[in-house]
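Inspection log for the structure reproduced underneath, given as C-alpha cells.
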Amino acid sequence: MIEFQLDETSGVATYLQLVQQVHQALRMGMLELGDQLPTAQQVVAKLAINPNTVHKAYRELEREGLARARPGLGTFITRSPSGTDPATQARFLAAMTDWLRSARSAGLGPDDIEAIYRTAFRTCFAEGAA
Amino acid sequence: MTAVIEASGLGKQYRRTWALRDCTLAIPEGRVVGLVGPNGAGKTTLLQLATGLLTPTRGTISVLGEPPAVSPAQLARVGFVAQDTPVYARMRVADHLRLGAWLNRGWDDELAQRRIGQLGLDPKQRAGSLSGGQRAQLALTLALAKRPELLLLDEPVASLDPLARREFLRSLMEAVAEHGTSVVLSSHLVADLERVCDYLVVLVASRVRIAGEVTTLLASHHRLSGPRRDPGTLPAGQDVIEESHTDKQTVLLVRTDQPVHDPAWAVTPVSLEDLVIAYMSPASDIPARRPQLGVVS
C-alpha cells in the first residue's frame, strides 16, 4: 500500500498530485498489478482532503486503464507499468538531442531553448485538449 | 442534479443596510462548499437564511428542496454549527450528547460515543474547560450525530490553531467520506479551505462575486505576463479580473474558457487563493466588464 503526500505549494491540483504519485509509484515498482490503493477514508484520514478529490483521482486512473474499483473491496491496480517501448523512447531521445545540438550551434542559450520548448509543448498539448 | 441550496434574488436588509443582496445560487448536492469572503461580506447572513434563523427581505431560498425550517422534518435534515462552535460551558460532554439525543429524532448515539472516544474527550468534563479545538470537535460531533444531509458551518476553524484546524477538517472530511454529507462552510481565509472544498462561493460586499466548481474555476483562470499592453486589446472571451502594469510589463489574471495561444504571454496557472484574492480586491468589479488600462505603477 502506498501513502499519498501533498505539496501545497506546487500549484498542481490535489487530485492530479494523487494521480501523479500513482504513476510514479508504478514506474518505481512500488505498486504492481493487483495492488490495492488506499481507500478514500484512509486518504482523507491522513491528508484531511475532500473524499471527492480521491474519487476523482481514482476515476482518472480508471480512465487511463491503470486501476479499477471493485465495489465493496476497493480500488486495485489493473495494469503493470508498460510505458512506451524502449526503442521508441530511444528514437525520440536521439531526435531531441540532434535538435538541441543544432539549436545550440545556432547560438541559442539554455533559457532560449527552454522558452521555445515550453511554448511548443503548450501549443501541442493545448491542441490535444481542445 | 438536485440543489442543496437554491437561492433566487435573495436579499436581507437590516434597517438601511443590505447584509446580502441579489443572491442567486444553486449549490449541487454532495459538494464541500467553501463560502469565502472578507468579514462583513454576508457569509453569516447567507448561512442563517439557509437555516431559517433569518427570513429573507427579498427573493427566495430553498434548502434540500424545501423552505428552511418549514417543518421539524426539514430541520432534521440540516445540521448547523454557528460561529465560534458554541457549546454550553457549564454542561458536561456527556450531557451535550444526552441533550442531542433528546432533541433529535434521528440521533446516532453510536456515532456520537465513538467520536467522543476517538477524540479522547472525558464525558464528565465540563465543556467550558475544553480547549478551543476540543470545543469545536464537540460541536461538530453534535451536528454529525444528528446525521444531517446538509451540514452548515459558520467559520468553524477561524479561532483554532493550525493543528486543531487540520484535525477539525480531517474529522469533517471523514464524515463526508462515510456518510456523503453535503457541506457548506464559511471562512474569511481561503487557505483554510483549499484542501477540502470542491465548490467555491465568493461573497464580497453583500454580493456573490463568483461561484462554481473549484476545478472549473482553476481551469478557466490564468495569469498572463508579457510586454506592456492595453487589456482592451485582448480577444473577446478573455475577461480581465486583475491587472497590473509597469512601463514595460503587463500582468493579468484573466478568465476564459478558451486556451490562450498568444505567444506574447507567458501563461501560468493560478492557485485558488490567488483567484479568490483577485475577486475580493475592490478593483475587480463585475467580471464581464473590460477594465481600461490603469495607472502606471
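Residue numbering restarts at 1 in every chain; chains get A, B, ... in the order shown in the C-alpha cells, and ligands count up from 1 in that same order.
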As a PDB file with N, CA and C atoms, in the first residue's frame, please: every residue in chain A that DSSP puts in helix (DSSP H, G or I).
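Output (states.pdb):
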ATOM      1  N   THR A  14      -4.937  18.964  -6.433  1.00  0.00           N
ATOM      2  CA  THR A  14      -4.738  17.865  -5.491  1.00  0.00           C
ATOM      3  C   THR A  14      -4.984  16.501  -6.144  1.00  0.00           C
ATOM      4  N   TYR A  15      -6.080  16.397  -6.915  1.00  0.00           N
ATOM      5  CA  TYR A  15      -6.376  15.081  -7.494  1.00  0.00           C
ATOM      6  C   TYR A  15      -5.268  14.664  -8.465  1.00  0.00           C
ATOM      7  N   LEU A  16      -4.695  15.651  -9.174  1.00  0.00           N
ATOM      8  CA  LEU A  16      -3.611  15.334 -10.107  1.00  0.00           C
ATOM      9  C   LEU A  16      -2.360  14.891  -9.369  1.00  0.00           C
ATOM     10  N   GLN A  17      -2.125  15.492  -8.203  1.00  0.00           N
ATOM     11  CA  GLN A  17      -0.977  15.053  -7.400  1.00  0.00           C
ATOM     12  C   GLN A  17      -1.121  13.581  -7.033  1.00  0.00           C
ATOM     13  N   LEU A  18      -2.336  13.168  -6.683  1.00  0.00           N
ATOM     14  CA  LEU A  18      -2.558  11.760  -6.337  1.00  0.00           C
ATOM     15  C   LEU A  18      -2.321  10.876  -7.556  1.00  0.00           C
ATOM     16  N   VAL A  19      -2.860  11.306  -8.708  1.00  0.00           N
ATOM     17  CA  VAL A  19      -2.682  10.533  -9.944  1.00  0.00           C
ATOM     18  C   VAL A  19      -1.190  10.399 -10.271  1.00  0.00           C
ATOM     19  N   GLN A  20      -0.489  11.519 -10.165  1.00  0.00           N
ATOM     20  CA  GLN A  20       0.940  11.502 -10.496  1.00  0.00           C
ATOM     21  C   GLN A  20       1.726  10.606  -9.546  1.00  0.00           C
ATOM     22  N   GLN A  21       1.309  10.581  -8.282  1.00  0.00           N
ATOM     23  CA  GLN A  21       2.021   9.735  -7.321  1.00  0.00           C
ATOM     24  C   GLN A  21       1.807   8.253  -7.615  1.00  0.00           C
ATOM     25  N   VAL A  22       0.627   7.918  -8.152  1.00  0.00           N
ATOM     26  CA  VAL A  22       0.406   6.527  -8.553  1.00  0.00           C
ATOM     27  C   VAL A  22       1.276   6.196  -9.766  1.00  0.00           C
ATOM     28  N   HIS A  23       1.319   7.117 -10.735  1.00  0.00           N
ATOM     29  CA  HIS A  23       2.190   6.916 -11.902  1.00  0.00           C
ATOM     30  C   HIS A  23       3.634   6.670 -11.452  1.00  0.00           C
ATOM     31  N   GLN A  24       4.070   7.546 -10.580  1.00  0.00           N
ATOM     32  CA  GLN A  24       5.448   7.490 -10.067  1.00  0.00           C
ATOM     33  C   GLN A  24       5.711   6.153  -9.379  1.00  0.00           C
ATOM     34  N   ALA A  25       4.752   5.762  -8.507  1.00  0.00           N
ATOM     35  CA  ALA A  25       4.919   4.517  -7.754  1.00  0.00           C
ATOM     36  C   ALA A  25       4.952   3.319  -8.704  1.00  0.00           C
ATOM     37  N   LEU A  26       4.186   3.404  -9.804  1.00  0.00           N
ATOM     38  CA  LEU A  26       4.198   2.322 -10.789  1.00  0.00           C
ATOM     39  C   LEU A  26       5.551   2.254 -11.493  1.00  0.00           C
ATOM     40  N   ARG A  27       6.064   3.440 -11.854  1.00  0.00           N
ATOM     41  CA  ARG A  27       7.362   3.472 -12.544  1.00  0.00           C
ATOM     42  C   ARG A  27       8.482   2.958 -11.652  1.00  0.00           C
ATOM     43  N   ALA A  40     -10.646   5.810   0.085  1.00  0.00           N
ATOM     44  CA  ALA A  40     -10.875   7.245   0.241  1.00  0.00           C
ATOM     45  C   ALA A  40     -10.804   7.630   1.719  1.00  0.00           C
ATOM     46  N   GLN A  41     -11.395   6.800   2.586  1.00  0.00           N
ATOM     47  CA  GLN A  41     -11.365   7.095   4.027  1.00  0.00           C
ATOM     48  C   GLN A  41      -9.938   7.170   4.548  1.00  0.00           C
ATOM     49  N   GLN A  42      -9.103   6.244   4.094  1.00  0.00           N
ATOM     50  CA  GLN A  42      -7.714   6.239   4.564  1.00  0.00           C
ATOM     51  C   GLN A  42      -6.976   7.494   4.104  1.00  0.00           C
ATOM     52  N   VAL A  43      -7.195   7.868   2.851  1.00  0.00           N
ATOM     53  CA  VAL A  43      -6.511   9.056   2.326  1.00  0.00           C
ATOM     54  C   VAL A  43      -6.996  10.308   3.061  1.00  0.00           C
ATOM     55  N   VAL A  44      -8.306  10.376   3.259  1.00  0.00           N
ATOM     56  CA  VAL A  44      -8.899  11.526   3.943  1.00  0.00           C
ATOM     57  C   VAL A  44      -8.366  11.638   5.371  1.00  0.00           C
ATOM     58  N   ALA A  45      -8.273  10.477   6.031  1.00  0.00           N
ATOM     59  CA  ALA A  45      -7.807  10.477   7.417  1.00  0.00           C
ATOM     60  C   ALA A  45      -6.360  10.949   7.506  1.00  0.00           C
ATOM     61  N   LYS A  46      -5.584  10.679   6.467  1.00  0.00           N
ATOM     62  CA  LYS A  46      -4.184  11.084   6.508  1.00  0.00           C
ATOM     63  C   LYS A  46      -4.003  12.539   6.075  1.00  0.00           C
ATOM     64  N   LEU A  47      -4.671  12.928   4.994  1.00  0.00           N
ATOM     65  CA  LEU A  47      -4.371  14.231   4.392  1.00  0.00           C
ATOM     66  C   LEU A  47      -5.399  15.326   4.701  1.00  0.00           C
ATOM     67  N   PRO A  51     -12.989  13.819   0.229  1.00  0.00           N
ATOM     68  CA  PRO A  51     -13.025  12.477  -0.371  1.00  0.00           C
ATOM     69  C   PRO A  51     -13.357  12.500  -1.860  1.00  0.00           C
ATOM     70  N   ASN A  52     -14.127  13.499  -2.292  1.00  0.00           N
ATOM     71  CA  ASN A  52     -14.438  13.599  -3.722  1.00  0.00           C
ATOM     72  C   ASN A  52     -13.166  13.727  -4.555  1.00  0.00           C
ATOM     73  N   THR A  53     -12.153  14.371  -3.970  1.00  0.00           N
ATOM     74  CA  THR A  53     -10.871  14.533  -4.667  1.00  0.00           C
ATOM     75  C   THR A  53     -10.217  13.179  -4.894  1.00  0.00           C
ATOM     76  N   VAL A  54     -10.310  12.311  -3.893  1.00  0.00           N
ATOM     77  CA  VAL A  54      -9.738  10.971  -4.020  1.00  0.00           C
ATOM     78  C   VAL A  54     -10.507  10.188  -5.082  1.00  0.00           C
ATOM     79  N   HIS A  55     -11.851  10.278  -5.029  1.00  0.00           N
ATOM     80  CA  HIS A  55     -12.667   9.575  -6.022  1.00  0.00           C
ATOM     81  C   HIS A  55     -12.315  10.053  -7.425  1.00  0.00           C
ATOM     82  N   LYS A  56     -12.112  11.363  -7.520  1.00  0.00           N
ATOM     83  CA  LYS A  56     -11.799  11.940  -8.831  1.00  0.00           C
ATOM     84  C   LYS A  56     -10.460  11.405  -9.350  1.00  0.00           C
ATOM     85  N   ALA A  57      -9.489  11.331  -8.473  1.00  0.00           N
ATOM     86  CA  ALA A  57      -8.176  10.807  -8.863  1.00  0.00           C
ATOM     87  C   ALA A  57      -8.304   9.347  -9.307  1.00  0.00           C
ATOM     88  N   TYR A  58      -9.083   8.577  -8.568  1.00  0.00           N
ATOM     89  CA  TYR A  58      -9.222   7.160  -8.898  1.00  0.00           C
ATOM     90  C   TYR A  58     -10.001   6.962 -10.198  1.00  0.00           C
ATOM     91  N   ARG A  59     -10.979   7.847 -10.425  1.00  0.00           N
ATOM     92  CA  ARG A  59     -11.703   7.772 -11.713  1.00  0.00           C
ATOM     93  C   ARG A  59     -10.749   8.044 -12.868  1.00  0.00           C
ATOM     94  N   GLU A  60      -9.861   9.013 -12.653  1.00  0.00           N
ATOM     95  CA  GLU A  60      -8.878   9.342 -13.687  1.00  0.00           C
ATOM     96  C   GLU A  60      -7.965   8.138 -13.953  1.00  0.00           C
ATOM     97  N   LEU A  61      -7.551   7.466 -12.891  1.00  0.00           N
ATOM     98  CA  LEU A  61      -6.703   6.282 -13.059  1.00  0.00           C
ATOM     99  C   LEU A  61      -7.457   5.167 -13.789  1.00  0.00           C
ATOM    100  N   GLU A  62      -8.758   5.079 -13.515  1.00  0.00           N
ATOM    101  CA  GLU A  62      -9.573   4.082 -14.215  1.00  0.00           C
ATOM    102  C   GLU A  62      -9.679   4.427 -15.690  1.00  0.00           C
ATOM    103  N   ARG A  63      -9.853   5.732 -15.948  1.00  0.00           N
ATOM    104  CA  ARG A  63      -9.961   6.190 -17.330  1.00  0.00           C
ATOM    105  C   ARG A  63      -8.674   5.870 -18.100  1.00  0.00           C
ATOM    106  N   PRO A  86      11.048   0.801 -25.347  1.00  0.00           N
ATOM    107  CA  PRO A  86      12.372   1.437 -25.255  1.00  0.00           C
ATOM    108  C   PRO A  86      12.890   1.936 -26.596  1.00  0.00           C
ATOM    109  N   ALA A  87      12.589   1.218 -27.684  1.00  0.00           N
ATOM    110  CA  ALA A  87      13.088   1.625 -28.997  1.00  0.00           C
ATOM    111  C   ALA A  87      12.504   2.978 -29.395  1.00  0.00           C
ATOM    112  N   THR A  88      11.182   3.145 -29.145  1.00  0.00           N
ATOM    113  CA  THR A  88      10.538   4.410 -29.477  1.00  0.00           C
ATOM    114  C   THR A  88      11.133   5.539 -28.647  1.00  0.00           C
ATOM    115  N   GLN A  89      11.307   5.255 -27.347  1.00  0.00           N
ATOM    116  CA  GLN A  89      11.896   6.275 -26.473  1.00  0.00           C
ATOM    117  C   GLN A  89      13.273   6.694 -26.976  1.00  0.00           C
ATOM    118  N   ALA A  90      14.092   5.711 -27.375  1.00  0.00           N
ATOM    119  CA  ALA A  90      15.457   5.985 -27.829  1.00  0.00           C
ATOM    120  C   ALA A  90      15.442   6.834 -29.103  1.00  0.00           C
ATOM    121  N   ARG A  91      14.498   6.519 -29.991  1.00  0.00           N
ATOM    122  CA  ARG A  91      14.396   7.245 -31.256  1.00  0.00           C
ATOM    123  C   ARG A  91      14.113   8.735 -30.988  1.00  0.00           C
ATOM    124  N   PHE A  92      13.151   8.996 -30.068  1.00  0.00           N
ATOM    125  CA  PHE A  92      12.789  10.395 -29.806  1.00  0.00           C
ATOM    126  C   PHE A  92      13.880  11.115 -29.010  1.00  0.00           C
ATOM    127  N   LEU A  93      14.551  10.371 -28.172  1.00  0.00           N
ATOM    128  CA  LEU A  93      15.657  10.971 -27.429  1.00  0.00           C
ATOM    129  C   LEU A  93      16.757  11.423 -28.402  1.00  0.00           C
ATOM    130  N   ALA A  94      17.075  10.561 -29.386  1.00  0.00           N
ATOM    131  CA  ALA A  94      18.112  10.896 -30.364  1.00  0.00           C
ATOM    132  C   ALA A  94      17.708  12.127 -31.179  1.00  0.00           C
ATOM    133  N   ALA A  95      16.421  12.150 -31.615  1.00  0.00           N
ATOM    134  CA  ALA A  95      15.941  13.269 -32.423  1.00  0.00           C
ATOM    135  C   ALA A  95      16.011  14.570 -31.631  1.00  0.00           C
ATOM    136  N   MET A  96      15.637  14.480 -30.347  1.00  0.00           N
ATOM    137  CA  MET A  96      15.636  15.663 -29.484  1.00  0.00           C
ATOM    138  C   MET A  96      17.071  16.158 -29.276  1.00  0.00           C
ATOM    139  N   THR A  97      17.984  15.227 -29.099  1.00  0.00           N
ATOM    140  CA  THR A  97      19.383  15.599 -28.886  1.00  0.00           C
ATOM    141  C   THR A  97      19.950  16.305 -30.123  1.00  0.00           C
ATOM    142  N   ASP A  98      19.639  15.753 -31.291  1.00  0.00           N
ATOM    143  CA  ASP A  98      20.067  16.396 -32.549  1.00  0.00           C
ATOM    144  C   ASP A  98      19.527  17.820 -32.634  1.00  0.00           C
ATOM    145  N   TRP A  99      18.259  17.953 -32.310  1.00  0.00           N
ATOM    146  CA  TRP A  99      17.609  19.259 -32.390  1.00  0.00           C
ATOM    147  C   TRP A  99      18.287  20.250 -31.439  1.00  0.00           C
ATOM    148  N   LEU A 100      18.584  19.776 -30.221  1.00  0.00           N
ATOM    149  CA  LEU A 100      19.217  20.646 -29.224  1.00  0.00           C
ATOM    150  C   LEU A 100      20.607  21.088 -29.693  1.00  0.00           C
ATOM    151  N   ARG A 101      21.361  20.158 -30.291  1.00  0.00           N
ATOM    152  CA  ARG A 101      22.699  20.497 -30.781  1.00  0.00           C
ATOM    153  C   ARG A 101      22.612  21.569 -31.856  1.00  0.00           C
ATOM    154  N   SER A 102      21.645  21.402 -32.767  1.00  0.00           N
ATOM    155  CA  SER A 102      21.551  22.375 -33.854  1.00  0.00           C
ATOM    156  C   SER A 102      21.094  23.730 -33.307  1.00  0.00           C
ATOM    157  N   ALA A 103      20.213  23.718 -32.298  1.00  0.00           N
ATOM    158  CA  ALA A 103      19.778  24.985 -31.693  1.00  0.00           C
ATOM    159  C   ALA A 103      20.964  25.681 -31.025  1.00  0.00           C
ATOM    160  N   ARG A 104      21.779  24.887 -30.373  1.00  0.00           N
ATOM    161  CA  ARG A 104      22.924  25.436 -29.662  1.00  0.00           C
ATOM    162  C   ARG A 104      23.943  26.017 -30.646  1.00  0.00           C
ATOM    163  N   SER A 105      24.173  25.296 -31.741  1.00  0.00           N
ATOM    164  CA  SER A 105      25.149  25.802 -32.704  1.00  0.00           C
ATOM    165  C   SER A 105      24.594  27.026 -33.437  1.00  0.00           C
ATOM    166  N   PRO A 110      20.574  28.096 -23.108  1.00  0.00           N
ATOM    167  CA  PRO A 110      19.641  27.181 -22.442  1.00  0.00           C
ATOM    168  C   PRO A 110      18.268  27.812 -22.180  1.00  0.00           C
ATOM    169  N   ASP A 111      18.263  29.088 -21.775  1.00  0.00           N
ATOM    170  CA  ASP A 111      16.978  29.728 -21.465  1.00  0.00           C
ATOM    171  C   ASP A 111      16.132  29.912 -22.724  1.00  0.00           C
ATOM    172  N   ASP A 112      16.815  30.304 -23.842  1.00  0.00           N
ATOM    173  CA  ASP A 112      16.094  30.459 -25.111  1.00  0.00           C
ATOM    174  C   ASP A 112      15.448  29.135 -25.490  1.00  0.00           C
ATOM    175  N   ILE A 113      16.271  28.092 -25.370  1.00  0.00           N
ATOM    176  CA  ILE A 113      15.797  26.770 -25.791  1.00  0.00           C
ATOM    177  C   ILE A 113      14.627  26.329 -24.930  1.00  0.00           C
ATOM    178  N   GLU A 114      14.746  26.587 -23.628  1.00  0.00           N
ATOM    179  CA  GLU A 114      13.668  26.170 -22.733  1.00  0.00           C
ATOM    180  C   GLU A 114      12.371  26.913 -23.049  1.00  0.00           C
ATOM    181  N   ALA A 115      12.519  28.213 -23.344  1.00  0.00           N
ATOM    182  CA  ALA A 115      11.324  29.003 -23.663  1.00  0.00           C
ATOM    183  C   ALA A 115      10.652  28.457 -24.918  1.00  0.00           C
ATOM    184  N   ILE A 116      11.484  28.116 -25.914  1.00  0.00           N
ATOM    185  CA  ILE A 116      10.936  27.562 -27.164  1.00  0.00           C
ATOM    186  C   ILE A 116      10.232  26.234 -26.873  1.00  0.00           C
ATOM    187  N   TYR A 117      10.927  25.407 -26.095  1.00  0.00           N
ATOM    188  CA  TYR A 117      10.361  24.103 -25.773  1.00  0.00           C
ATOM    189  C   TYR A 117       9.013  24.247 -25.063  1.00  0.00           C
ATOM    190  N   ARG A 118       8.975  25.151 -24.064  1.00  0.00           N
ATOM    191  CA  ARG A 118       7.733  25.313 -23.288  1.00  0.00           C
ATOM    192  C   ARG A 118       6.590  25.783 -24.164  1.00  0.00           C
ATOM    193  N   THR A 119       6.888  26.743 -25.041  1.00  0.00           N
ATOM    194  CA  THR A 119       5.851  27.266 -25.926  1.00  0.00           C
ATOM    195  C   THR A 119       5.329  26.157 -26.835  1.00  0.00           C
ATOM    196  N   ALA A 120       6.273  25.403 -27.419  1.00  0.00           N
ATOM    197  CA  ALA A 120       5.880  24.333 -28.334  1.00  0.00           C
ATOM    198  C   ALA A 120       5.087  23.262 -27.592  1.00  0.00           C
ATOM    199  N   PHE A 121       5.540  22.954 -26.390  1.00  0.00           N
ATOM    200  CA  PHE A 121       4.887  21.939 -25.567  1.00  0.00           C
ATOM    201  C   PHE A 121       3.441  22.348 -25.285  1.00  0.00           C
ATOM    202  N   ARG A 122       3.309  23.630 -24.906  1.00  0.00           N
ATOM    203  CA  ARG A 122       1.985  24.124 -24.545  1.00  0.00           C
ATOM    204  C   ARG A 122       1.067  24.099 -25.770  1.00  0.00           C
ATOM    205  N   THR A 123       1.606  24.588 -26.894  1.00  0.00           N
ATOM    206  CA  THR A 123       0.808  24.628 -28.120  1.00  0.00           C
ATOM    207  C   THR A 123       0.335  23.208 -28.466  1.00  0.00           C
ATOM    208  N   CYS A 124       1.271  22.286 -28.414  1.00  0.00           N
ATOM    209  CA  CYS A 124       0.983  20.907 -28.800  1.00  0.00           C
ATOM    210  C   CYS A 124      -0.094  20.297 -27.914  1.00  0.00           C
ATOM    211  N   PHE A 125       0.053  20.478 -26.582  1.00  0.00           N
ATOM    212  CA  PHE A 125      -0.911  19.822 -25.689  1.00  0.00           C
ATOM    213  C   PHE A 125      -2.207  20.594 -25.554  1.00  0.00           C
ATOM    214  N   ALA A 126      -2.152  21.902 -25.842  1.00  0.00           N
ATOM    215  CA  ALA A 126      -3.405  22.663 -25.871  1.00  0.00           C
ATOM    216  C   ALA A 126      -4.238  22.193 -27.047  1.00  0.00           C
ATOM    217  N   GLU A 127      -3.582  21.888 -28.178  1.00  0.00           N
ATOM    218  CA  GLU A 127      -4.302  21.357 -29.347  1.00  0.00           C
ATOM    219  C   GLU A 127      -4.978  20.052 -28.987  1.00  0.00           C
ATOM    220  N   GLY A 128      -4.237  19.221 -28.262  1.00  0.00           N
ATOM    221  CA  GLY A 128      -4.770  17.927 -27.874  1.00  0.00           C
ATOM    222  C   GLY A 128      -6.001  18.062 -27.004  1.00  0.00           C
ATOM    223  N   ALA A 129      -5.973  19.098 -26.139  1.00  0.00           N
ATOM    224  CA  ALA A 129      -7.073  19.255 -25.172  1.00  0.00           C
ATOM    225  C   ALA A 129      -8.291  19.885 -25.813  1.00  0.00           C
TER     226      ALA A 129
END
- [ ] Define the interface residues of chain B facing chain A as those within 6 Å, counting only C-alpha atoms, and report them as a PyMOL selection string.
- [x] chain B and resi 170+173+177+195-196+271
Task: Two-atom distance - atom CA of B:Gly117, atom CA of B:Leu97 (Å) - done: 12.5 Å
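Proximity ranking of B:Ala145, B:Ser171, B:Asp198, B:Ala7 relative to B:Leu103 places B:Ala145 first, based on only C-alpha atoms.
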TODO: Enter the distance from atom CA of B:Ala211 to atom CA of B:Glu178, in Å, rounded to one decimal.
DONE: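 Between atom CA of B:Ala211 and atom CA of B:Glu178 the gap works out to 26.2 Å.
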